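Participant: Dropping a structure here in structure tokens format, bear with me for questions.
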Amino acid sequence: MPHVFTVSPDFTPEHLSGWFIFNTWLQKALGEAFHLQLYDDFHSQRDAIKSDRIDLIYANPYDAAMLVREKGFKPLVKPEGKADEAVIAVSTERPYLQVEDLPCSIKLATTEDPDVHMMGMIMLEPADLDAASVELKVCDSYVLVAKELLKGYCDAGVFLAEAFNDLSSVIRKQLRALVNSQIQVVHHALMISPRLADHRDRLLGALLAMPENDKGKSALAALKIPRWERVDDEEMEFMIDLMDTFVT
Amino acid sequence: MQDMKPEDIVGAYREHTLVHFDGTRRNVLVTDIESPYPDGRLIVSRTDPAGIITHVNQSFVDMSGYSKEELIGAPHYILRHPDMPPAAFRDLWETLRRGEKWQGYVKNLRKDGGFYWVKATVIPNIRNAQVIGYTSVRRKPSRQKVAECMKLYPTLF
Ligand SMILES: Cc1cc2nc3c(=O)[nH]c(=O)nc-3n(C[C@H](O)[C@H](O)[C@H](O)COP(=O)(O)O)c2cc1C
């Protein structure tokens with residue numbers, strides 16, 4: 001039976017080919033069989049984690065608490081210089097220039113990305129907006145969030161900063177960012193299950209050495225990651241504690 | 001803990017003497033100048049179990065006006081504003097000792113005598129079933145909630 005590797009379902013299809021290439025690299029690096037299992041949504045992925053079907057995961061920060069504290073996963077690496085940040089944006093047709101200008105109840109376009117949504121809700125608090133005063137329109141992608149704003153269906157939208165900056169310039173020009181998070185310490189991470197604990201050090205070494213060999217380099221290029229950076233246990237615990245303060 | 005120094009203060013100030021939980025007396029100098037909370041940022045600090053600061057992020061340094069060197073190793077009451085009712089911090093510590101999360105609105109004192117309001121969430125850091133310290137994460141508060149606290153807090157002394 002191959003080990004099961006999975007990635008957080010917040011990736012667009014064009015990123016997925018990179019993960020297949022990474023999976024091939026992984027099998028060669030460890031000399032073990034891995035199957036890349038993709039899930040359509042966070043719920044089905046969490047079910048798989050809960051029933052111990054996952055051996056290695058590129059995890060959303062929101063799921064790190066369950067992985068580490070309930071399932072005994074250990075962190076390996078994060079992409080260098082890449083933190084998850086959120087942006088609250090509106091259509092330029094709307095008069096709002098800052099979050100505090102938003103009305104006291106709004107329709108908010110968002111995605112299922114749990115960490116980005118949570119950071120977005122925190123940035124709405126200064127406007128006295130919370131779950132009770134916000135009606136959610138959950139979209140399948142950030143392009144669809146943008147469309148909700150441009151069509152005037154929603155008052156504001158929550159974006160992953162990277163996705164916001166990747167929007168086409170035509171769309172981007174019709175949107176105004178009200179606030180950008182600068183949290184810096186919330187990030188995705190590759191994490192390993194206790195079943196693979198014996199492989200942790202060897203895998204960590206291979207991941208960190210990727211920029212030094214051709215196969216590793218091309219796998220990183222396919223993921224658009226310059227190199228991996230080590231995440232130690234305490235850094236991960238700190239991120240989990242921080243995320244815990246977001247949950248009321 | 002050193003008294004606040006007039007040469008560090010920006011603007012007209014009043015003087016107060018705080019008596020901290022450990023018996024330390026400190027003269028603080030207080031102005032009416034508010035520093036707006038920076039948009040999109042979190043102000044983060046950690047303490048050891050006794051409330052001594054062990055970690056601060058850059059936003060903490062920027063907002064408090066102290067250098068990182070002045071903050072690490074100092075008791076967290078270095079930010080204590082005389083307008084904050086003692087009951088708030090009593091509740092904070094009782095909540096933390098029960099192993100629970102505390103949330104509240106806090107007016108903090110800057111090194112230059114000014115102040116800033118935050119919404120703070122403090123949690124115990126539990127490692128191997130032991131409390132090794134506490135983390136506080138502050139975010140920009142709702143103006144309405146701050147206005148309510150400005151009315152309520154003076155009644156709690
Ligand atoms: C993690 C953590 C963060 C804290 N942050 C603050 C703060 O920002 N401002 C503050 O006045 N007290 C803060 N406190 C509470 C102080 O430790 C202290 O209880 C408070 O300043 C009142 O001190 P006193 O009663 O000795 O004067 C914090 C405590 C902890 C554990």
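Residue names in the structure tokens use chain letters A, B, ... in the order shown, residue numbers from 1 in each chain, and ligand numbers from 1 in the order shown.
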Please identify the residues whose atoms come within 8 Å of ligand 1, using only C-alpha atoms and all ligand atoms, and report them as a ChimeraX atom specification.
Facilitator: /B:18-24,45-53,75-81,84,86,89-90,92-93,96,106-109,120,122-123,133-136
Participant: Using only C-alpha atoms, select each residue of chain A with any atom at most 10 Å away from an atom of chain B, and give the selection as JSON, numbers by chain.
Facilitator: {"A": [69, 85, 86, 87, 88, 98, 99, 100, 119, 120, 122, 123, 124, 125, 126, 127, 128, 129, 178, 179, 180, 181, 182, 183, 184, 234, 237, 238, 240, 241, 242, 243, 244, 245, 246, 247, 248]}
Participant: Residues of the last selection are to be written out with N, CA, C and O atoms, as a tab-separated table (two decimals), in the first residue's frame.
Facilitator:
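Generated file (out-v2.tsv):
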chain	number	residue	atom	x	y	z
A	69	ARG	N	-2.18	18.74	17.22
A	69	ARG	CA	-2.60	18.50	18.61
A	69	ARG	C	-3.53	17.31	18.77
A	69	ARG	O	-3.61	16.73	19.84
A	85	GLU	N	-1.77	35.91	3.53
A	85	GLU	CA	-2.31	37.20	3.97
A	85	GLU	C	-3.67	37.39	3.28
A	85	GLU	O	-3.91	36.83	2.21
A	86	ALA	N	-4.53	38.20	3.90
A	86	ALA	CA	-5.87	38.42	3.35
A	86	ALA	C	-6.04	39.89	2.94
A	86	ALA	O	-5.39	40.77	3.48
A	87	VAL	N	-6.92	40.09	1.97
A	87	VAL	CA	-7.25	41.44	1.50
A	87	VAL	C	-8.77	41.58	1.53
A	87	VAL	O	-9.48	40.67	1.13
A	88	ILE	N	-9.24	42.71	2.04
A	88	ILE	CA	-10.67	43.05	1.90
A	88	ILE	C	-10.76	44.06	0.77
A	88	ILE	O	-10.10	45.11	0.80
A	98	GLN	N	-12.25	52.85	3.32
A	98	GLN	CA	-11.65	52.05	4.39
A	98	GLN	C	-12.73	51.17	4.99
A	98	GLN	O	-13.92	51.42	4.79
A	99	VAL	N	-12.29	50.16	5.72
A	99	VAL	CA	-13.23	49.19	6.27
A	99	VAL	C	-14.32	49.87	7.10
A	99	VAL	O	-15.49	49.51	7.03
A	100	GLU	N	-13.93	50.89	7.85
A	100	GLU	CA	-14.88	51.58	8.72
A	100	GLU	C	-16.00	52.28	7.95
A	100	GLU	O	-17.01	52.67	8.53
A	119	MET	N	-9.06	35.43	8.69
A	119	MET	CA	-8.31	36.69	8.76
A	119	MET	C	-9.16	37.84	8.21
A	119	MET	O	-9.14	38.95	8.73
A	120	GLY	N	-9.93	37.54	7.17
A	120	GLY	CA	-10.82	38.56	6.60
A	120	GLY	C	-11.85	39.04	7.61
A	120	GLY	O	-12.08	40.24	7.78
A	122	ILE	N	-11.62	39.05	10.80
A	122	ILE	CA	-10.96	39.86	11.83
A	122	ILE	C	-10.77	41.29	11.35
A	122	ILE	O	-10.93	42.26	12.11
A	123	MET	N	-10.47	41.43	10.06
A	123	MET	CA	-10.24	42.78	9.53
A	123	MET	C	-11.54	43.56	9.35
A	123	MET	O	-11.52	44.76	9.11
A	124	LEU	N	-12.69	42.88	9.45
A	124	LEU	CA	-13.97	43.58	9.38
A	124	LEU	C	-14.44	44.06	10.75
A	124	LEU	O	-15.34	44.90	10.85
A	125	GLU	N	-13.85	43.52	11.80
A	125	GLU	CA	-14.28	43.86	13.17
A	125	GLU	C	-14.24	45.36	13.48
A	125	GLU	O	-15.14	45.87	14.15
A	126	PRO	N	-13.20	46.09	13.01
A	126	PRO	CA	-13.18	47.53	13.32
A	126	PRO	C	-14.42	48.26	12.80
A	126	PRO	O	-14.75	49.34	13.27
A	127	ALA	N	-15.11	47.66	11.82
A	127	ALA	CA	-16.34	48.27	11.30
A	127	ALA	C	-17.57	47.73	12.03
A	127	ALA	O	-18.70	47.91	11.56
A	128	ASP	N	-17.37	47.07	13.16
A	128	ASP	CA	-18.46	46.46	13.92
A	128	ASP	C	-19.18	45.38	13.14
A	128	ASP	O	-20.38	45.15	13.36
A	129	LEU	N	-18.48	44.75	12.22
A	129	LEU	CA	-19.10	43.66	11.45
A	129	LEU	C	-18.62	42.33	12.03
A	129	LEU	O	-17.44	42.17	12.34
A	178	LEU	N	-9.37	47.68	0.58
A	178	LEU	CA	-9.59	48.54	1.75
A	178	LEU	C	-8.53	48.28	2.81
A	178	LEU	O	-8.11	49.19	3.51
A	179	VAL	N	-8.15	47.02	2.93
A	179	VAL	CA	-7.14	46.68	3.93
A	179	VAL	C	-6.42	45.40	3.53
A	179	VAL	O	-7.02	44.49	2.96
A	180	ASN	N	-5.10	45.39	3.75
A	180	ASN	CA	-4.25	44.21	3.51
A	180	ASN	C	-3.73	43.74	4.85
A	180	ASN	O	-3.17	44.53	5.60
A	181	SER	N	-3.87	42.46	5.13
A	181	SER	CA	-3.29	41.97	6.40
A	181	SER	C	-1.77	41.94	6.29
A	181	SER	O	-1.21	41.74	5.22
A	182	GLN	N	-1.11	42.17	7.42
A	182	GLN	CA	0.35	42.02	7.48
A	182	GLN	C	0.66	41.22	8.73
A	182	GLN	O	1.22	41.73	9.69
A	183	ILE	N	0.24	39.97	8.68
A	183	ILE	CA	0.35	39.11	9.85
A	183	ILE	C	1.67	38.35	9.83
A	183	ILE	O	2.28	38.11	10.86
A	184	GLN	N	2.11	37.95	8.66
A	184	GLN	CA	3.47	37.42	8.41
A	184	GLN	C	3.78	36.05	8.98
A	184	GLN	O	4.76	35.44	8.55
A	234	GLU	N	8.22	24.27	17.69
A	234	GLU	CA	7.75	25.42	18.45
A	234	GLU	C	7.19	26.51	17.53
A	234	GLU	O	6.21	27.17	17.87
A	237	GLU	N	3.75	25.37	16.84
A	237	GLU	CA	2.90	25.55	18.02
A	237	GLU	C	2.52	27.02	18.19
A	237	GLU	O	1.38	27.36	18.54
A	238	PHE	N	3.47	27.91	17.92
A	238	PHE	CA	3.22	29.35	18.03
A	238	PHE	C	2.15	29.77	17.02
A	238	PHE	O	1.21	30.50	17.36
A	240	ILE	N	-0.15	27.91	15.75
A	240	ILE	CA	-1.43	27.33	16.17
A	240	ILE	C	-2.03	28.17	17.31
A	240	ILE	O	-3.22	28.47	17.31
A	241	ASP	N	-1.19	28.56	18.28
A	241	ASP	CA	-1.68	29.42	19.37
A	241	ASP	C	-2.24	30.73	18.81
A	241	ASP	O	-3.30	31.21	19.22
A	242	LEU	N	-1.53	31.30	17.85
A	242	LEU	CA	-1.96	32.57	17.27
A	242	LEU	C	-3.31	32.41	16.57
A	242	LEU	O	-4.23	33.21	16.75
A	243	MET	N	-3.44	31.33	15.78
A	243	MET	CA	-4.70	31.09	15.07
A	243	MET	C	-5.83	30.85	16.08
A	243	MET	O	-6.97	31.20	15.83
A	244	ASP	N	-5.46	30.24	17.20
A	244	ASP	CA	-6.45	29.94	18.23
A	244	ASP	C	-7.07	31.23	18.78
A	244	ASP	O	-8.24	31.26	19.17
A	245	THR	N	-6.28	32.32	18.79
A	245	THR	CA	-6.83	33.58	19.30
A	245	THR	C	-7.84	34.18	18.31
A	245	THR	O	-8.58	35.09	18.67
A	246	PHE	N	-7.87	33.70	17.07
A	246	PHE	CA	-8.85	34.21	16.09
A	246	PHE	C	-10.23	33.60	16.29
A	246	PHE	O	-11.23	34.12	15.81
A	247	VAL	N	-10.25	32.44	16.94
A	247	VAL	CA	-11.50	31.71	17.08
A	247	VAL	C	-12.19	32.17	18.35
A	247	VAL	O	-11.57	32.14	19.41
A	248	THR	N	-13.42	32.60	18.24
A	248	THR	CA	-14.09	33.09	19.45
A	248	THR	C	-14.79	31.96	20.20
A	248	THR	O	-15.25	31.02	19.62
Participant: Write out as a ChimeraX atom specification all residues of chain B that DSSP puts in strand (DSSP E or B) for this structure's backbone.
Facilitator: /B:14-19,25-30,34,43-47,52-56,75,80,102-109,115-127,130-139
Participant: Using DSSP on the backbone coordinates, identify the residues of stretch 17-240 of chain A assigned to helix (DSSP H, G or I); present them as JSON, numbers by chain.
Facilitator: {"A": [17, 18, 19, 20, 21, 22, 23, 24, 25, 26, 27, 28, 29, 30, 42, 43, 44, 45, 46, 47, 48, 49, 50, 61, 62, 63, 64, 65, 66, 67, 68, 69, 70, 99, 100, 101, 114, 115, 116, 117, 118, 119, 120, 121, 122, 123, 124, 125, 126, 127, 142, 143, 144, 145, 146, 147, 148, 149, 150, 161, 162, 163, 164, 165, 166, 169, 170, 171, 172, 194, 195, 196, 197, 198, 199, 200, 201, 202, 203, 204, 205, 206, 207, 208, 210, 211, 212, 214, 215, 216, 217, 218, 219, 220, 221, 222, 223, 233, 234, 235, 236, 237, 238, 239, 240]}
Participant: Could you write out the selected residues, including C-alpha atoms, as a CSV table (one decimal), in the first residue's frame?
Facilitator:
chain,number,residue,atom,x,y,z
A,17,SER,CA,0.5,19.8,-11.9
A,18,GLY,CA,3.3,21.1,-9.7
A,19,TRP,CA,2.1,18.8,-6.8
A,20,PHE,CA,2.1,15.8,-9.1
A,21,ILE,CA,5.7,16.5,-10.1
A,22,PHE,CA,6.5,17.0,-6.4
A,23,ASN,CA,5.0,13.6,-5.6
A,24,THR,CA,7.2,12.0,-8.2
A,25,TRP,CA,10.2,13.7,-6.7
A,26,LEU,CA,9.1,12.6,-3.2
A,27,GLN,CA,8.9,8.9,-4.2
A,28,LYS,CA,12.4,9.0,-5.7
A,29,ALA,CA,13.8,10.9,-2.7
A,30,LEU,CA,12.5,8.5,-0.1
A,42,PHE,CA,-11.9,20.8,3.2
A,43,HIS,CA,-14.7,18.7,4.8
A,44,SER,CA,-13.8,15.5,2.9
A,45,GLN,CA,-10.0,16.2,3.5
A,46,ARG,CA,-10.7,16.6,7.3
A,47,ASP,CA,-12.7,13.4,7.3
A,48,ALA,CA,-9.7,11.6,5.8
A,49,ILE,CA,-7.4,13.2,8.4
A,50,LYS,CA,-9.7,12.2,11.3
A,61,PRO,CA,-2.8,26.8,8.6
A,62,TYR,CA,-6.4,26.4,9.9
A,63,ASP,CA,-6.0,22.6,9.9
A,64,ALA,CA,-2.6,22.7,11.7
A,65,ALA,CA,-4.2,22.6,15.1
A,66,MET,CA,-6.0,19.4,14.5
A,67,LEU,CA,-3.1,17.8,12.7
A,68,VAL,CA,-0.5,18.6,15.4
A,69,ARG,CA,-2.6,18.5,18.6
A,70,GLU,CA,-5.1,15.7,17.8
A,99,VAL,CA,-13.2,49.2,6.3
A,100,GLU,CA,-14.9,51.6,8.7
A,101,ASP,CA,-16.9,53.1,5.8
A,114,PRO,CA,-10.6,28.7,6.2
A,115,ASP,CA,-7.5,30.7,7.2
A,116,VAL,CA,-8.1,33.5,4.7
A,117,HIS,CA,-11.8,33.8,5.6
A,118,MET,CA,-10.9,34.0,9.3
A,119,MET,CA,-8.3,36.7,8.8
A,120,GLY,CA,-10.8,38.6,6.6
A,121,MET,CA,-13.5,38.5,9.3
A,122,ILE,CA,-11.0,39.9,11.8
A,123,MET,CA,-10.2,42.8,9.5
A,124,LEU,CA,-14.0,43.6,9.4
A,125,GLU,CA,-14.3,43.9,13.2
A,126,PRO,CA,-13.2,47.5,13.3
A,127,ALA,CA,-16.3,48.3,11.3
A,142,TYR,CA,-11.2,34.2,-6.0
A,143,VAL,CA,-12.0,35.1,-9.6
A,144,LEU,CA,-15.7,34.4,-8.7
A,145,VAL,CA,-15.3,36.5,-5.6
A,146,ALA,CA,-14.2,39.4,-7.8
A,147,LYS,CA,-17.1,38.8,-10.1
A,148,GLU,CA,-19.6,39.1,-7.2
A,149,LEU,CA,-18.1,42.5,-6.5
A,150,LEU,CA,-18.1,43.7,-10.1
A,161,ALA,CA,-3.5,38.4,-1.1
A,162,GLU,CA,-1.6,36.4,-3.7
A,163,ALA,CA,-4.8,35.6,-5.6
A,164,PHE,CA,-5.9,39.2,-5.4
A,165,ASN,CA,-2.6,40.3,-6.9
A,166,ASP,CA,-2.8,37.6,-9.6
A,169,SER,CA,-5.4,43.8,-14.6
A,170,VAL,CA,-8.8,44.5,-16.2
A,171,ILE,CA,-10.5,43.0,-13.1
A,172,ARG,CA,-8.0,44.4,-10.7
A,194,PRO,CA,3.4,9.9,13.3
A,195,ARG,CA,3.3,6.7,11.1
A,196,LEU,CA,6.1,8.2,9.0
A,197,ALA,CA,8.1,9.5,12.0
A,198,ASP,CA,11.1,7.4,11.1
A,199,HIS,CA,11.3,9.1,7.8
A,200,ARG,CA,11.1,12.7,9.1
A,201,ASP,CA,14.8,13.5,9.3
A,202,ARG,CA,15.6,12.0,5.9
A,203,LEU,CA,12.7,13.7,4.2
A,204,LEU,CA,13.6,17.1,5.8
A,205,GLY,CA,17.2,16.8,4.6
A,206,ALA,CA,16.0,16.0,1.1
A,207,LEU,CA,13.5,18.8,1.0
A,208,LEU,CA,16.1,21.4,2.2
A,210,MET,CA,16.1,20.4,-3.3
A,211,PRO,CA,17.7,23.6,-4.8
A,212,GLU,CA,21.1,21.8,-5.0
A,214,ASP,CA,18.3,19.2,-11.0
A,215,LYS,CA,15.4,17.1,-10.1
A,216,GLY,CA,14.7,19.0,-6.9
A,217,LYS,CA,15.1,22.3,-8.7
A,218,SER,CA,12.6,21.5,-11.4
A,219,ALA,CA,10.1,20.2,-8.9
A,220,LEU,CA,10.4,23.5,-6.9
A,221,ALA,CA,10.1,25.5,-10.1
A,222,ALA,CA,6.8,23.6,-11.0
A,223,LEU,CA,5.5,24.6,-7.5
A,233,ASP,CA,7.9,22.2,16.4
A,234,GLU,CA,7.7,25.4,18.5
A,235,GLU,CA,7.2,27.7,15.4
A,236,MET,CA,4.3,25.5,14.5
A,237,GLU,CA,2.9,25.6,18.0
A,238,PHE,CA,3.2,29.3,18.0
A,239,MET,CA,1.3,29.6,14.8
A,240,ILE,CA,-1.4,27.3,16.2
Participant: Can you tell me which residues surround B:Asp8 at a distance of at most 10 Å, considering only C-alpha atoms, apart from same-chain residues fewer than 4 positions away, and format the answer as a list in words?
Facilitator: Met4, Leu29, Gly65, Lys111, Asp112 and Gly113 of chain B
Participant: Just to be explicit: take each residue in the selection above, keep N, CA and C atoms, and write the result as a compact mmCIF listing (two decimals), in the first residue's frame.
Facilitator:
# COMPACT_ATOMS: atom_id res chain seq x y z
N MET B 4 8.62 56.60 34.42
CA MET B 4 8.67 57.21 33.08
C MET B 4 9.37 58.56 33.18
N LEU B 29 3.62 58.82 33.25
CA LEU B 29 3.29 60.14 32.72
C LEU B 29 2.37 59.92 31.53
N GLY B 65 6.37 52.00 21.48
CA GLY B 65 7.39 53.05 21.55
C GLY B 65 8.67 52.62 22.26
N LYS B 111 5.44 54.49 25.61
CA LYS B 111 6.61 55.08 26.26
C LYS B 111 6.55 56.61 26.23
N ASP B 112 5.91 57.17 25.19
CA ASP B 112 5.86 58.63 25.05
C ASP B 112 4.66 59.24 25.77
N GLY B 113 3.96 58.43 26.60
CA GLY B 113 2.83 58.93 27.38
C GLY B 113 1.49 58.83 26.67
Participant: How far is it from atom CA of A:Arg227 to atom CA of A:Thr12, in Å with one decimal?
Facilitator: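 Result for atom CA of A:Arg227 versus atom CA of A:Thr12: 20.5 Å, one decimal.
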Participant: One decimal, in Å: what's the spacing between atom CA of B:Glu34 and atom CA of B:Asp62?
Facilitator: 13.9 Å
Participant: Can you pull out the residues contacting A:Lys173? Cut-off 10 Å, using only C-alpha atoms, and skip same-chain residues under 4 positions away; I want them as a PyMOL selection string.
Facilitator: chain A and resi 91-92+167-169
Participant: Output N, CA and C atoms of each residue in that selection to a file, as a PDB file, in the first residue's frame.
Facilitator:
ATOM      1  N   SER A  91     -15.757  46.961  -4.989  1.00  0.00           N
ATOM      2  CA  SER A  91     -15.774  47.501  -6.347  1.00  0.00           C
ATOM      3  C   SER A  91     -15.463  48.996  -6.280  1.00  0.00           C
ATOM      4  N   THR A  92     -14.764  49.502  -7.295  1.00  0.00           N
ATOM      5  CA  THR A  92     -14.461  50.943  -7.301  1.00  0.00           C
ATOM      6  C   THR A  92     -15.731  51.779  -7.477  1.00  0.00           C
ATOM      7  N   LEU A 167      -5.050  38.566 -10.015  1.00  0.00           N
ATOM      8  CA  LEU A 167      -6.232  38.821 -10.859  1.00  0.00           C
ATOM      9  C   LEU A 167      -5.784  39.578 -12.108  1.00  0.00           C
ATOM     10  N   SER A 168      -6.512  39.402 -13.210  1.00  0.00           N
ATOM     11  CA  SER A 168      -6.128  40.107 -14.438  1.00  0.00           C
ATOM     12  C   SER A 168      -6.230  41.609 -14.184  1.00  0.00           C
ATOM     13  N   SER A 169      -5.421  42.370 -14.921  1.00  0.00           N
ATOM     14  CA  SER A 169      -5.383  43.805 -14.637  1.00  0.00           C
ATOM     15  C   SER A 169      -6.733  44.471 -14.919  1.00  0.00           C
TER      16      SER A 169
END
Participant: To one decimal in Å, tell me the separation between atom CA of B:Lys68 and atom CA of B:Gln130.
Facilitator: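 Atom CA of B:Gln130 lies at a distance of 27.0 Å from atom CA of B:Lys68.
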Participant: From the list B:Asp83, B:Thr17, B:Gln2, B:Ser35, which residue is nearest B:Lys151 when using only C-alpha atoms?
Facilitator: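 Between B:Asp83, B:Thr17, B:Gln2, B:Ser35, the residue approaching B:Lys151 most closely is B:Asp83.
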